[in-house]
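Have a look at the structure below, then the notes.
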Amino acid sequence: MVSTLSSLPHVPGTDPSSCILDTFRTAIAKRISERLPSLTIDQAYSGVDYGKKGVDFTVALPRFRLPGKPDELAKQVLADFQPDDFISSITHDKQFLHFQLNTASLIREVLNQIHALTYNSPSGKPSYGTNTSGAGKKIVIEFSSPNIAKSFHVGHLRSTIIGAFLVNLYKACGWDVTSVNYLGDWGTQFGMIASAFEKYGSQEELSKNAIKHLYDVYVKVTKDAEADPNVKIEAAKWFKRMEDGDESALANWREWRELSINKYIEEYERLNISFDRYTGESEVGKEWMDKAVERLDQLGLISDAKGAKLVDLEKWKLGKAVLRKADGTSIYLTRDIAGAIERWEKYQFDKMIYVVASQQDLHLAQFFQILKLMEFPWANRLEHVNYGMVLGMSTRKGTAVFLDQIIKEATLVMHEQMKRNEEKYNSIVDPEYVSQEVGITGIKIQDMAAKRINNYTFNWDRMLSFEGDTGPYLQYAHVRLTSMERKNPELLPLPPPAQIDTSSLSESGHARDITLLLGSYPDIVKTALKTHEPSGVVTFAFRLAHAISSAWETLVVKGEQDLEKARARLWLYICARDVLGAAMQLLSIRPLERM
């Protein structure tokens with residue numbers, strides 16, 4: 001449905017067709033620029049910010065650095081103000097001007113836009129909250145990247161959750177995204193496993209769960225190596241054969257890698273995550289590894305230490321980094337350099353992001369600096385998105401952590417909780433699936449709730465509680481909104497938006513709060529693209545869930561005698577469900593309809 005608001009000048013960088021609040025901000029900017037003629041509408045727009053508690057938008061006058069005192073400027077803006085379809089009031093408070101939007105227009109326009117972009121979007125897919133800022137740009141995002149034969153530990157889990165969010169986020173902003181899982185599928189640990197597989201390996205166990213079995217073999221051979229130094233010597237010889245392309249050494253490794261990837265695909269699918277490409281250290285060609293060492297040598301940055309090659313980055317306060325071991329085998333810094341070059345040749349990206357723990361800050365900084373020294377024009381397109389540690393993550397019995405164990409445990413706990421309400425439990429079609437989804441939501445929300453860089457302590461009780469800001473609480477909020485249609489069949493189907501009278505919603509402070517939040521969602525997405533922080537989206541989802549929870553008692557649908565009121569309220573709740581669901585999907589969570 002087309003907006004009924006009068007037309008306004010266009011401000012570059014705004015798009016009212018995807019974010020209706022841009023229209024209201026433009027109206028505020030127009031008022032300011034007309035009253036303070038030395039400001040253009042674009043300059044005025046840049047000063048319109050969300051207000052605090054109870055204020056829609058605020059303008060801090062000193063930021064414009066205009067001649068004259070803020071009080072004088074405020075008087076000019078306020079002179080003969082008449083409320084219109086955009087702005088209902090302006091108040092002057094010291095250096096600030098506070099603007100309240102016209103409630104009737106706000107509610108009608110926001111709900112219309114959500115409905116139109118969810119059910120009649122040009123792409124055919126729900127698109128409220130998306131934008132086209134990245135149209136025509138390519139990005140490669142590398143994340144998760146576990147080591148085959150080692151446990152998929154919590155650090156990988158964080159990379160996986162944050163990386164999946166970034167993939168969804170960049171897609172929502174119009175970028176052409178390639179997601180890459182760069183497996184640790186090369187290195188001496190394979191020499192270790194290969195040399196001990198005859199002794200400890202079992203084809204049957206391997207085909208059941210390759211990841212776990214290879215890990216078990218690795219643990220046993222590592223123990224052997226502590227007692228017998230020859231074990232490591234044998235393993236190094238074996239890995240050297242792999243590096244030299246010896247087919248008999250590579251055959252087993254290939255099978256292990258393929259079986260492990262198949263198992264990973266299955267585990268990622270449970271997390272609602274997939275990759276465009278599985279690659280690994282093994283796929284990096286030797287050619288660029290050699291070229292990297294050669295180029296840095298020409299630049300006079302290579303030194304020799306007992307046969308190993310080091311690159312000197314002291315000048316950039318990045319220390320010295322090993323590029324090649326004394327026995328001539330590659331090291332992962334060299335493989336990262338070569339891998340980046342090969343990716344540039346393959347994808348010609350506008351940006352490439354590595355989602356890697358903050359413990360690797362130095363490694364990534366060295367790696368990026370080396371590419372700059374090699375004078376690749378695209379070296380400044382690489383970005384490291386880092387994150388802090390997860391402390392104390394183990395199963396409740398305190399044992400080591402594999403991802404599938406954590407998911408099983410979370411599923412089990414949720415299942416037990418759901419059984420406590422027998423009536424609800426019996427109405428669920430697939431309680432096993434629902435408890436798994438709620439458990440996974442708990443894990444993800446706990447991970448994304450705070451700023452990425454913060455360490456956090458993994459807490460089973462907190463994570464799986466329905467009280468407070470947790471994953472299960474968000475799912476419950478979505479389920480409750482979804483049930484509104486089921487509980488009010490007599491109101492369905494709702495008439496087209498143009499025939500729904502929303503004027504009664506203007507009388508409700510709750511409806512207004514919910515609508516303003518819904519209208520801000522496109523901005524939440526744009527901000528997340530700047531910060532790479534999922535926590536902003538999580539905070540938004542909780543604020544929306546709380547606002548809806550406060551409204552249930554007063555904005556009643558079931559039992560409301562006035563049909564127009566009941567329809568308007570149901571429509572508000574449906575729009576809220578659609579936006580909450582979109583935010584959850586952006587966070588890689590599958591919103592549930594029953595639980």
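Naming scheme: A, B, ... for chains in displayed order of the structure tokens; residues 1 onward per chain; ligands 1 onward as shown.
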Using only C-alpha atoms, tabulate the residues of stretch 134-236 of chain A lying at most 12 Å from any atom of stretch 282-296 of chain A, each with its closest atom pair and that distance in Å to one decimal, by chain and increasing residue number, as CSV.
residue,atom,partner,partner_atom,distance
A:Asn147,CA,A:Ser282,CA,11.8
A:Ile148,CA,A:Ser282,CA,11.6
A:Tyr182,CA,A:Glu283,CA,9.5
A:Leu183,CA,A:Ser282,CA,8.6
A:Gly184,CA,A:Ser282,CA,8.1
A:Asp185,CA,A:Ser282,CA,6.1
A:Trp186,CA,A:Ser282,CA,5.3
A:Gly187,CA,A:Ser282,CA,8.5
A:Thr188,CA,A:Ser282,CA,12.0
A:Phe190,CA,A:Ser282,CA,11.3
- prompt: Which residues come within 12 Å of A:Lys263, counting only C-alpha atoms, excluding same-chain residues fewer than 4 positions away, as a list in words?
  reply: Ile148, Ala149, Phe152, Leu206, Ser207, Lys208, Asn209, Ala210, Ile211, Lys212, His213, Trp256, Arg257, Glu258, Leu259, Glu267, Tyr268, Glu269, Arg270, Leu403 and Asp404 of chain A
task: Taking the DSSP assignment computed from this structure's backbone, write out as a list in words all residues of stretch 214-365 of chain A that belong to strand (DSSP E).
output: Arg277, Tyr278, Thr279, Gly280, Ile302, Ser303, Asp304, Ala305, Ala308, Lys309, Leu310, Val311, Asp312, Lys320, Ala321, Val322, Leu323, Arg324, Lys351, Met352, Ile353, Tyr354 and Val355 of chain A
If you run DSSP on the backbone here, which positions in stretch 230-389 of chain A get helix (DSSP H, G or I)? Please write them as a PDB file with C-alpha atoms, in the first residue's frame.
ATOM      1  CA  ASN A 230      59.938 -41.847  18.259  1.00  0.00           C
ATOM      2  CA  VAL A 231      56.190 -41.522  17.799  1.00  0.00           C
ATOM      3  CA  LYS A 232      56.542 -37.858  16.840  1.00  0.00           C
ATOM      4  CA  ILE A 233      59.490 -38.601  14.546  1.00  0.00           C
ATOM      5  CA  GLU A 234      57.410 -41.232  12.720  1.00  0.00           C
ATOM      6  CA  ALA A 235      54.480 -38.823  12.496  1.00  0.00           C
ATOM      7  CA  ALA A 236      56.672 -36.051  11.038  1.00  0.00           C
ATOM      8  CA  LYS A 237      58.005 -38.493   8.409  1.00  0.00           C
ATOM      9  CA  TRP A 238      54.469 -39.483   7.517  1.00  0.00           C
ATOM     10  CA  PHE A 239      53.351 -35.870   7.157  1.00  0.00           C
ATOM     11  CA  LYS A 240      56.405 -35.132   4.983  1.00  0.00           C
ATOM     12  CA  ARG A 241      55.237 -37.937   2.643  1.00  0.00           C
ATOM     13  CA  MET A 242      51.809 -36.261   2.509  1.00  0.00           C
ATOM     14  CA  GLU A 243      53.385 -32.872   1.687  1.00  0.00           C
ATOM     15  CA  GLU A 247      49.611 -41.260  -2.904  1.00  0.00           C
ATOM     16  CA  SER A 248      49.851 -44.129  -0.384  1.00  0.00           C
ATOM     17  CA  ALA A 249      50.081 -41.564   2.456  1.00  0.00           C
ATOM     18  CA  LEU A 250      47.242 -39.446   1.054  1.00  0.00           C
ATOM     19  CA  ALA A 251      44.606 -42.160   0.389  1.00  0.00           C
ATOM     20  CA  ASN A 252      43.520 -42.601   4.030  1.00  0.00           C
ATOM     21  CA  TRP A 253      43.708 -38.906   4.709  1.00  0.00           C
ATOM     22  CA  ARG A 254      41.298 -38.206   1.816  1.00  0.00           C
ATOM     23  CA  GLU A 255      38.762 -40.666   3.174  1.00  0.00           C
ATOM     24  CA  TRP A 256      39.027 -39.209   6.698  1.00  0.00           C
ATOM     25  CA  ARG A 257      38.563 -35.705   5.383  1.00  0.00           C
ATOM     26  CA  GLU A 258      35.476 -36.572   3.322  1.00  0.00           C
ATOM     27  CA  LEU A 259      33.816 -38.511   6.155  1.00  0.00           C
ATOM     28  CA  SER A 260      34.551 -35.667   8.575  1.00  0.00           C
ATOM     29  CA  ILE A 261      33.051 -33.047   6.239  1.00  0.00           C
ATOM     30  CA  ASN A 262      29.887 -35.137   5.841  1.00  0.00           C
ATOM     31  CA  LYS A 263      29.548 -35.309   9.613  1.00  0.00           C
ATOM     32  CA  TYR A 264      30.143 -31.551   9.929  1.00  0.00           C
ATOM     33  CA  ILE A 265      27.479 -30.775   7.305  1.00  0.00           C
ATOM     34  CA  GLU A 266      25.000 -32.772   9.425  1.00  0.00           C
ATOM     35  CA  GLU A 267      25.969 -30.913  12.628  1.00  0.00           C
ATOM     36  CA  TYR A 268      25.845 -27.479  10.975  1.00  0.00           C
ATOM     37  CA  GLU A 269      22.410 -28.292   9.546  1.00  0.00           C
ATOM     38  CA  ARG A 270      21.137 -28.809  13.111  1.00  0.00           C
ATOM     39  CA  GLU A 281      44.786 -25.839   4.458  1.00  0.00           C
ATOM     40  CA  SER A 282      45.410 -28.882   2.258  1.00  0.00           C
ATOM     41  CA  GLU A 283      43.981 -27.121  -0.805  1.00  0.00           C
ATOM     42  CA  LYS A 286      52.546 -24.616  -2.998  1.00  0.00           C
ATOM     43  CA  GLU A 287      53.217 -22.067  -5.746  1.00  0.00           C
ATOM     44  CA  TRP A 288      52.048 -19.023  -3.788  1.00  0.00           C
ATOM     45  CA  MET A 289      53.643 -20.242  -0.557  1.00  0.00           C
ATOM     46  CA  ASP A 290      57.005 -20.228  -2.322  1.00  0.00           C
ATOM     47  CA  LYS A 291      56.272 -16.906  -4.027  1.00  0.00           C
ATOM     48  CA  ALA A 292      55.401 -15.316  -0.672  1.00  0.00           C
ATOM     49  CA  VAL A 293      58.761 -16.290   0.849  1.00  0.00           C
ATOM     50  CA  GLU A 294      60.568 -15.173  -2.319  1.00  0.00           C
ATOM     51  CA  ARG A 295      58.834 -11.770  -2.440  1.00  0.00           C
ATOM     52  CA  LEU A 296      59.534 -11.033   1.231  1.00  0.00           C
ATOM     53  CA  ASP A 297      63.137 -12.094   0.689  1.00  0.00           C
ATOM     54  CA  GLN A 298      63.454  -9.532  -2.133  1.00  0.00           C
ATOM     55  CA  GLU A 314      59.285  -5.383  14.324  1.00  0.00           C
ATOM     56  CA  LYS A 315      58.975  -2.072  12.481  1.00  0.00           C
ATOM     57  CA  TRP A 316      55.156  -2.418  12.717  1.00  0.00           C
ATOM     58  CA  TYR A 332      49.761 -22.023   8.681  1.00  0.00           C
ATOM     59  CA  LEU A 333      50.801 -18.369   8.302  1.00  0.00           C
ATOM     60  CA  THR A 334      52.308 -19.190   4.897  1.00  0.00           C
ATOM     61  CA  ARG A 335      49.229 -21.202   3.988  1.00  0.00           C
ATOM     62  CA  ASP A 336      46.967 -18.295   5.029  1.00  0.00           C
ATOM     63  CA  ILE A 337      48.917 -15.892   2.795  1.00  0.00           C
ATOM     64  CA  ALA A 338      48.747 -18.231  -0.183  1.00  0.00           C
ATOM     65  CA  GLY A 339      45.076 -18.997   0.538  1.00  0.00           C
ATOM     66  CA  ALA A 340      44.145 -15.296   0.515  1.00  0.00           C
ATOM     67  CA  ILE A 341      45.902 -14.779  -2.827  1.00  0.00           C
ATOM     68  CA  GLU A 342      44.105 -17.761  -4.364  1.00  0.00           C
ATOM     69  CA  ARG A 343      40.770 -16.480  -3.039  1.00  0.00           C
ATOM     70  CA  TRP A 344      41.368 -13.062  -4.559  1.00  0.00           C
ATOM     71  CA  GLU A 345      42.028 -14.714  -7.903  1.00  0.00           C
ATOM     72  CA  LYS A 346      38.878 -16.814  -7.599  1.00  0.00           C
ATOM     73  CA  TYR A 347      36.381 -14.272  -6.192  1.00  0.00           C
ATOM     74  CA  SER A 358      40.939 -12.495  19.685  1.00  0.00           C
ATOM     75  CA  GLN A 359      43.798 -14.789  20.849  1.00  0.00           C
ATOM     76  CA  GLN A 360      44.760 -14.775  17.163  1.00  0.00           C
ATOM     77  CA  ASP A 361      44.872 -10.955  16.879  1.00  0.00           C
ATOM     78  CA  LEU A 362      48.652 -10.955  16.404  1.00  0.00           C
ATOM     79  CA  HIS A 363      48.589 -13.750  13.827  1.00  0.00           C
ATOM     80  CA  LEU A 364      45.928 -11.962  11.737  1.00  0.00           C
ATOM     81  CA  ALA A 365      47.753  -8.619  12.034  1.00  0.00           C
ATOM     82  CA  GLN A 366      51.008 -10.261  10.843  1.00  0.00           C
ATOM     83  CA  PHE A 367      49.189 -11.998   8.003  1.00  0.00           C
ATOM     84  CA  PHE A 368      47.474  -8.762   6.822  1.00  0.00           C
ATOM     85  CA  GLN A 369      50.721  -6.773   7.125  1.00  0.00           C
ATOM     86  CA  ILE A 370      52.643  -9.306   5.031  1.00  0.00           C
ATOM     87  CA  LEU A 371      50.024  -9.053   2.243  1.00  0.00           C
ATOM     88  CA  LYS A 372      50.388  -5.241   2.336  1.00  0.00           C
ATOM     89  CA  LEU A 373      54.181  -5.574   2.126  1.00  0.00           C
ATOM     90  CA  ALA A 379      45.273  -6.236   0.973  1.00  0.00           C
ATOM     91  CA  ASN A 380      43.290  -3.442   2.684  1.00  0.00           C
ATOM     92  CA  ARG A 381      40.021  -5.234   1.890  1.00  0.00           C
TER      93      ARG A 381
END
message: Need the shell around stretch 545-554 of chain A: protein/DNA/RNA residues with any atom at most 12 Å away, counting only C-alpha atoms. Skip same-chain ones fewer than 4 positions apart. Format as a ChimeraX atom specification?
response: /A:467-481,484,505,507-518,538-541,558-560,565-566,569-570,572-577,579-581,583-584
task: Using atom CA of A:Leu166 and atom CA of A:Ala582 as the two end points, give the distance in Å to one decimal.
output: 14.6 Å
Shell around stretch 68-72 of chain A at 12 Å using only C-alpha atoms, local window under 4 positions removed, as a ChimeraX atom specification: /A:35-36,38,59-64,76-79,91-97
Give me the residues near A:Ile114 as a PDB file with N, CA, C and O atoms, in the first residue's frame, where near means some atom within 10 Å (using only C-alpha atoms) and where sequence neighbours in that chain fewer than 2 positions away do not count.
ATOM      1  N   SER A  18      12.165   1.356   2.194  1.00  0.00           N
ATOM      2  CA  SER A  18      12.524   0.202   3.026  1.00  0.00           C
ATOM      3  C   SER A  18      12.557   0.562   4.514  1.00  0.00           C
ATOM      4  O   SER A  18      12.582  -0.321   5.364  1.00  0.00           O
ATOM      5  N   CYS A  19      12.570   1.871   4.826  1.00  0.00           N
ATOM      6  CA  CYS A  19      12.565   2.293   6.239  1.00  0.00           C
ATOM      7  C   CYS A  19      11.726   3.563   6.351  1.00  0.00           C
ATOM      8  O   CYS A  19      12.213   4.658   6.055  1.00  0.00           O
ATOM      9  N   ILE A  20      10.488   3.412   6.752  1.00  0.00           N
ATOM     10  CA  ILE A  20       9.561   4.548   6.752  1.00  0.00           C
ATOM     11  C   ILE A  20       9.988   5.642   7.740  1.00  0.00           C
ATOM     12  O   ILE A  20       9.647   6.812   7.570  1.00  0.00           O
ATOM     13  N   GLU A 109       1.639   4.015   8.959  1.00  0.00           N
ATOM     14  CA  GLU A 109       2.724   3.874   7.976  1.00  0.00           C
ATOM     15  C   GLU A 109       3.641   2.688   8.284  1.00  0.00           C
ATOM     16  O   GLU A 109       4.046   1.952   7.387  1.00  0.00           O
ATOM     17  N   VAL A 110       3.998   2.507   9.563  1.00  0.00           N
ATOM     18  CA  VAL A 110       4.916   1.403   9.927  1.00  0.00           C
ATOM     19  C   VAL A 110       4.249   0.054   9.648  1.00  0.00           C
ATOM     20  O   VAL A 110       4.841  -0.839   9.019  1.00  0.00           O
ATOM     21  N   LEU A 111       2.992  -0.109  10.088  1.00  0.00           N
ATOM     22  CA  LEU A 111       2.321  -1.406   9.888  1.00  0.00           C
ATOM     23  C   LEU A 111       2.107  -1.683   8.398  1.00  0.00           C
ATOM     24  O   LEU A 111       2.276  -2.815   7.936  1.00  0.00           O
ATOM     25  N   ASN A 112       1.749  -0.636   7.648  1.00  0.00           N
ATOM     26  CA  ASN A 112       1.589  -0.816   6.188  1.00  0.00           C
ATOM     27  C   ASN A 112       2.888  -1.306   5.557  1.00  0.00           C
ATOM     28  O   ASN A 112       2.889  -2.203   4.706  1.00  0.00           O
ATOM     29  N   ALA A 116       3.465  -4.803   3.641  1.00  0.00           N
ATOM     30  CA  ALA A 116       3.799  -4.798   2.209  1.00  0.00           C
ATOM     31  C   ALA A 116       5.108  -5.534   1.940  1.00  0.00           C
ATOM     32  O   ALA A 116       5.204  -6.339   1.010  1.00  0.00           O
ATOM     33  N   LEU A 117       6.141  -5.276   2.764  1.00  0.00           N
ATOM     34  CA  LEU A 117       7.459  -5.875   2.499  1.00  0.00           C
ATOM     35  C   LEU A 117       7.557  -7.326   2.987  1.00  0.00           C
ATOM     36  O   LEU A 117       8.470  -8.043   2.624  1.00  0.00           O
ATOM     37  N   THR A 118       6.598  -7.751   3.810  1.00  0.00           N
ATOM     38  CA  THR A 118       6.612  -9.153   4.252  1.00  0.00           C
ATOM     39  C   THR A 118       5.821 -10.024   3.283  1.00  0.00           C
ATOM     40  O   THR A 118       6.227 -11.137   2.961  1.00  0.00           O
ATOM     41  N   TYR A 119       4.682  -9.501   2.809  1.00  0.00           N
ATOM     42  CA  TYR A 119       3.792 -10.358   1.993  1.00  0.00           C
ATOM     43  C   TYR A 119       3.759  -9.999   0.505  1.00  0.00           C
ATOM     44  O   TYR A 119       3.346 -10.813  -0.303  1.00  0.00           O
ATOM     45  N   ASN A 120       4.152  -8.774   0.153  1.00  0.00           N
ATOM     46  CA  ASN A 120       4.104  -8.401  -1.281  1.00  0.00           C
ATOM     47  C   ASN A 120       5.431  -7.812  -1.730  1.00  0.00           C
ATOM     48  O   ASN A 120       5.463  -6.862  -2.498  1.00  0.00           O
ATOM     49  N   SER A 121       6.554  -8.348  -1.233  1.00  0.00           N
ATOM     50  CA  SER A 121       7.829  -7.714  -1.571  1.00  0.00           C
ATOM     51  C   SER A 121       8.214  -8.063  -3.012  1.00  0.00           C
ATOM     52  O   SER A 121       7.862  -9.142  -3.502  1.00  0.00           O
ATOM     53  N   PRO A 126      10.046 -12.370   2.205  1.00  0.00           N
ATOM     54  CA  PRO A 126       9.892 -11.284   3.186  1.00  0.00           C
ATOM     55  C   PRO A 126      11.160 -10.434   3.221  1.00  0.00           C
ATOM     56  O   PRO A 126      12.267 -10.965   3.316  1.00  0.00           O
ATOM     57  N   SER A 127      11.007  -9.106   3.110  1.00  0.00           N
ATOM     58  CA  SER A 127      12.217  -8.280   3.002  1.00  0.00           C
ATOM     59  C   SER A 127      12.222  -7.078   3.941  1.00  0.00           C
ATOM     60  O   SER A 127      13.068  -6.203   3.803  1.00  0.00           O
ATOM     61  N   TYR A 128      11.282  -7.034   4.903  1.00  0.00           N
ATOM     62  CA  TYR A 128      11.311  -5.895   5.831  1.00  0.00           C
ATOM     63  C   TYR A 128      12.586  -5.973   6.680  1.00  0.00           C
ATOM     64  O   TYR A 128      12.916  -7.022   7.231  1.00  0.00           O
ATOM     65  N   GLY A 129      13.317  -4.856   6.744  1.00  0.00           N
ATOM     66  CA  GLY A 129      14.591  -4.848   7.487  1.00  0.00           C
ATOM     67  C   GLY A 129      15.792  -4.970   6.572  1.00  0.00           C
ATOM     68  O   GLY A 129      16.911  -4.684   6.967  1.00  0.00           O
ATOM     69  N   LEU A 518       9.163  -1.444  16.052  1.00  0.00           N
ATOM     70  CA  LEU A 518       9.068  -2.151  14.764  1.00  0.00           C
ATOM     71  C   LEU A 518       9.638  -1.290  13.642  1.00  0.00           C
ATOM     72  O   LEU A 518      10.352  -1.772  12.763  1.00  0.00           O
ATOM     73  N   GLY A 519       9.330   0.009  13.695  1.00  0.00           N
ATOM     74  CA  GLY A 519       9.818   0.926  12.661  1.00  0.00           C
ATOM     75  C   GLY A 519      11.330   1.083  12.676  1.00  0.00           C
ATOM     76  O   GLY A 519      11.952   1.406  11.660  1.00  0.00           O
ATOM     77  N   ILE A 574       0.407  -9.448  14.524  1.00  0.00           N
ATOM     78  CA  ILE A 574       0.946 -10.209  13.377  1.00  0.00           C
ATOM     79  C   ILE A 574       2.205  -9.517  12.842  1.00  0.00           C
ATOM     80  O   ILE A 574       3.213 -10.166  12.560  1.00  0.00           O
ATOM     81  N   CYS A 575       2.140  -8.180  12.727  1.00  0.00           N
ATOM     82  CA  CYS A 575       3.332  -7.434  12.263  1.00  0.00           C
ATOM     83  C   CYS A 575       4.496  -7.620  13.239  1.00  0.00           C
ATOM     84  O   CYS A 575       5.647  -7.780  12.824  1.00  0.00           O
ATOM     85  N   ALA A 576       4.175  -7.614  14.542  1.00  0.00           N
ATOM     86  CA  ALA A 576       5.219  -7.804  15.556  1.00  0.00           C
ATOM     87  C   ALA A 576       5.835  -9.196  15.424  1.00  0.00           C
ATOM     88  O   ALA A 576       7.063  -9.366  15.515  1.00  0.00           O
ATOM     89  N   ASP A 578       6.024 -10.973  12.693  1.00  0.00           N
ATOM     90  CA  ASP A 578       6.830 -11.022  11.467  1.00  0.00           C
ATOM     91  C   ASP A 578       8.201 -10.382  11.670  1.00  0.00           C
ATOM     92  O   ASP A 578       9.207 -10.877  11.170  1.00  0.00           O
ATOM     93  N   VAL A 579       8.237  -9.281  12.429  1.00  0.00           N
ATOM     94  CA  VAL A 579       9.514  -8.594  12.638  1.00  0.00           C
ATOM     95  C   VAL A 579      10.373  -9.348  13.656  1.00  0.00           C
ATOM     96  O   VAL A 579      11.581  -9.500  13.462  1.00  0.00           O
TER      97      VAL A 579
END
